[in-house]
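What follows is one structure encoded as structure tokens, with my remarks underneath.
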Amino acid sequence: MLNGMDWPSPAATLPVVESEIKEVLAFAGVHINICPRPRSVMPMLPLPIAALISLSITVKMEEFSHLHGIIGQGIEICTTSSSWPSSQIIGALWSQKVRRWHDFIILTCSQSPFTRDNTAVAQLIRSCFSSFLGPLVDGRSCFVANRGVANLLGQTFDEKAHRLAVAPGFLYMRSCWLFPNNSFVCEEILEVVIERAHALANACSSDRPARLRSDCLPLSAASSLVEQIASLAATMLCHAGGVNLIRLLYEQIIPTLLLSGGKAKLGSAGQVCSIIEGHTLAYVLLFSGASIWGVGETSPAYTWIYTSKRQQVVDRHLEFMARVMEGNIVLGCGDATWRSYVLCFVNLLVNFVPTWIPEVKLKTLQKLASGLQRWHEGDLALSLLERGGTKTVTSVVESLLQ
């Protein structure tokens, strides 16, 4: 018990710290209870953490690196290593010690709910999409002027402001490495992506009275919004899980979503909706892979060690596609969603990352090309084989002679 006699007491600043943490989270779109203990209960910390904090606040430290290490990494390590809700208590003790670091302490403590609360993680993910793309109202995208990257990440910190305002994207970037379950993060992001695809489809739909059709979203504008949705989703996935999560996305998560249909039952909401679903998932997958592995023959310097991973992962995903097209695997999603997904992904491969194609096994390319020809997509099948390198020359000639 931090009673102020045997141990330092945070009582003087704890209510203010808790209130400001709650304000920071609320501004970022996260509304949760950060103080599970009753107000009448004296603040407590686990003994090892209490000893460490008591020692640290009695030592005189002026160097930036020392303060940053103790306040920043110290709070993060203490809050993630203990199931006890201790961040606000530690923050209150440290804000008494170094008042000029108050805003940084509040920002650091605001990350702690994301270490164990999936509800907070889900709210932050949805807030990121709303700030970047605009909110959803009755299943439709609502255009607002204040959106885009500036609204997602924030512009500047106003030193004259009376409170710390943190944009949801900025808080996500600082907190995503603390998320306890990357699979949950991926599933939540994909669920939001599908919801956004449905909203786009509703905006494009002509199934409404003639007097209301004038406000239908053109398909060209919808295509641009699909890319925006996918770019945000891919960025968030890469930051949260890095190369391991993207590998799972290609090998397990997207195939499982297509096989099961997911919570939203992909392909069950109409033709236009199915097409946009498939396009959006294809863009998310390709943008994620390109961000991690690069788009050239040699990956960027910081990802060169993952080049062989790209070869294995992309080949497995295309093999999955080919097996479904051969009829060896039964899908849970609708046919329109599946067709849209395959055609979009292969088109993106051919036009934007052709250097990935020679890394794929010849047999996989041949099976995928045969499936495309059965769909009467001979030009796309030929383009795929043409970019397969010298190993596919025979297949290209055979395709031309058919």
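Residue names in the structure tokens use chain letters A, B, ... in the order shown, residue numbers from 1 in each chain, and ligand numbers from 1 in the order shown.
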
* To do: Name all residues at most 12 Å from Ile329 in chain A (count only C-alpha atoms; drop same-chain ones fewer than 4 positions away) and give them as number ranges by chain.
  => A: 255-256, 258-260, 319-325, 333

So that I have them on file, write out the residues from the current selection with C-alpha atoms, as an mmCIF file, in the first residue's frame.
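And here is the file that came out, result06.cif:
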data_model
loop_
_atom_site.group_PDB
_atom_site.id
_atom_site.type_symbol
_atom_site.label_atom_id
_atom_site.label_comp_id
_atom_site.auth_asym_id
_atom_site.auth_seq_id
_atom_site.Cartn_x
_atom_site.Cartn_y
_atom_site.Cartn_z
ATOM 1 C CA PRO A 255 -7.626 -18.486 -47.129
ATOM 2 C CA THR A 256 -9.587 -19.280 -43.948
ATOM 3 C CA LEU A 258 -12.554 -17.241 -48.007
ATOM 4 C CA LEU A 259 -13.168 -20.862 -46.995
ATOM 5 C CA SER A 260 -15.483 -19.999 -44.117
ATOM 6 C CA GLU A 319 -1.234 -22.764 -55.159
ATOM 7 C CA PHE A 320 -4.280 -22.352 -52.898
ATOM 8 C CA MET A 321 -5.973 -20.295 -55.620
ATOM 9 C CA ALA A 322 -5.161 -22.890 -58.277
ATOM 10 C CA ARG A 323 -6.500 -25.787 -56.189
ATOM 11 C CA VAL A 324 -9.785 -23.964 -55.595
ATOM 12 C CA MET A 325 -10.104 -23.201 -59.325
ATOM 13 C CA CYS A 333 -17.712 -17.320 -49.719
#

* To do: Tell me which protein, DNA and RNA residues are within 12 Å of Glu20 in chain A, counting only C-alpha atoms, leaving out same-chain ones fewer than 3 positions away, and put them as a list in words.
  =>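 Result of the neighbour search: Thr13, Leu14, Pro15, Val16, Val17, Glu23, Val24, Leu25, Ala26, Phe27, Ile34, Gln88, Gly91, Ala92, His102, Asp103, Phe104, Ile105, Ile106, Leu107, Thr108, Cys109, Ser110, His162, Arg163, Leu164, Ala165 and Val166 of chain A.
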
* Which one of A:Leu318, A:Cys344, A:Val185, A:Ala336 sits closest to Leu245 in chain A if you count only C-alpha atoms? ->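 Closest to Leu245 in chain A of all the choices is A:Val185.
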
List as a tab-separated table (two decimals) with C-alpha atoms, in the first residue's frame the protein and nucleic acid residues near Gln312 in chain A, meaning an atom at most 10 Å away when only C-alpha atoms are counted, but skip any in the same chain fewer than 6 places from it.
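Generated file (part-v2.tsv):
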chain	number	residue	atom	x	y	z
A	247	ARG	CA	3.01	-14.48	-43.74
A	251	GLU	CA	-0.99	-18.65	-45.75
A	359	GLU	CA	9.63	-16.92	-58.10
A	360	VAL	CA	6.45	-19.02	-58.30
A	361	LYS	CA	6.70	-22.69	-59.27

* Tell me which protein, DNA and RNA residues are within 7 Å of Ala233 in chain A, counting only C-alpha atoms, leaving out same-chain ones fewer than 4 positions away, and put them as number ranges by chain. => A: 189, 229, 237, 284

Restrict the selected residues to N, CA and C atoms and save them as a PDB file, in the first residue's frame.
ATOM      1  N   ILE A 189      -9.214  -5.908 -38.122  1.00  0.00           N
ATOM      2  CA  ILE A 189      -8.953  -5.028 -39.268  1.00  0.00           C
ATOM      3  C   ILE A 189      -9.694  -5.543 -40.498  1.00  0.00           C
ATOM      4  N   ILE A 229      -8.837   2.290 -48.458  1.00  0.00           N
ATOM      5  CA  ILE A 229      -9.142   1.336 -47.384  1.00  0.00           C
ATOM      6  C   ILE A 229      -8.014   0.313 -47.252  1.00  0.00           C
ATOM      7  N   LEU A 237      -1.626  -3.457 -40.428  1.00  0.00           N
ATOM      8  CA  LEU A 237      -1.216  -4.854 -40.262  1.00  0.00           C
ATOM      9  C   LEU A 237       0.300  -4.974 -40.178  1.00  0.00           C
ATOM     10  N   VAL A 284      -5.655  -5.391 -50.096  1.00  0.00           N
ATOM     11  CA  VAL A 284      -5.057  -5.484 -48.755  1.00  0.00           C
ATOM     12  C   VAL A 284      -3.902  -6.484 -48.768  1.00  0.00           C
TER      13      VAL A 284
END

* Asked: Looking at only C-alpha atoms, which of A:Gly378, A:Leu136, A:Phe170, A:Asn244 is the one that sits closest to Ala203 in chain A?
  -> A:Leu136

* Using only C-alpha atoms: which of A:Ala199, A:Cys78, A:Ile275, A:Val149 has the shortest distance to Pro135 in chain A ->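 Counting only C-alpha atoms, the residue closest to Pro135 in chain A is A:Ala199.
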
* To do: Just give me the gap between CA of Ser274 in chain A and CA of Ser231 in chain A in Å, one decimal is fine.
  =>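 So the two atoms, CA of Ser274 in chain A and CA of Ser231 in chain A, lie 19.6 Å apart.
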
* If you run DSSP over the backbone, which residues in range 16-200 of chain A end up alpha helix (DSSP H)? Put them as a PyMOL selection string. => chain A and resi 16-27+47-58+64-68+75-81+87-97+102-109+118-133+149-153+168-175+182-200

* Asked: When you draw a straight line from CA of Ser9 in chain A to CA of Ile21 in chain A, how long is it in Å?
  -> 18.9 Å

* Kindly give the distance, in Å, that separates CA of Asn347 in chain A and CA of Ala282 in chain A, rounded to a single decimal. => 9.8 Å

* Could you pull the residues within 7 Å of range 44-49 of chain A, counting only C-alpha atoms, minus those fewer than 5 positions along the same chain, as a count of residues only? -> 4
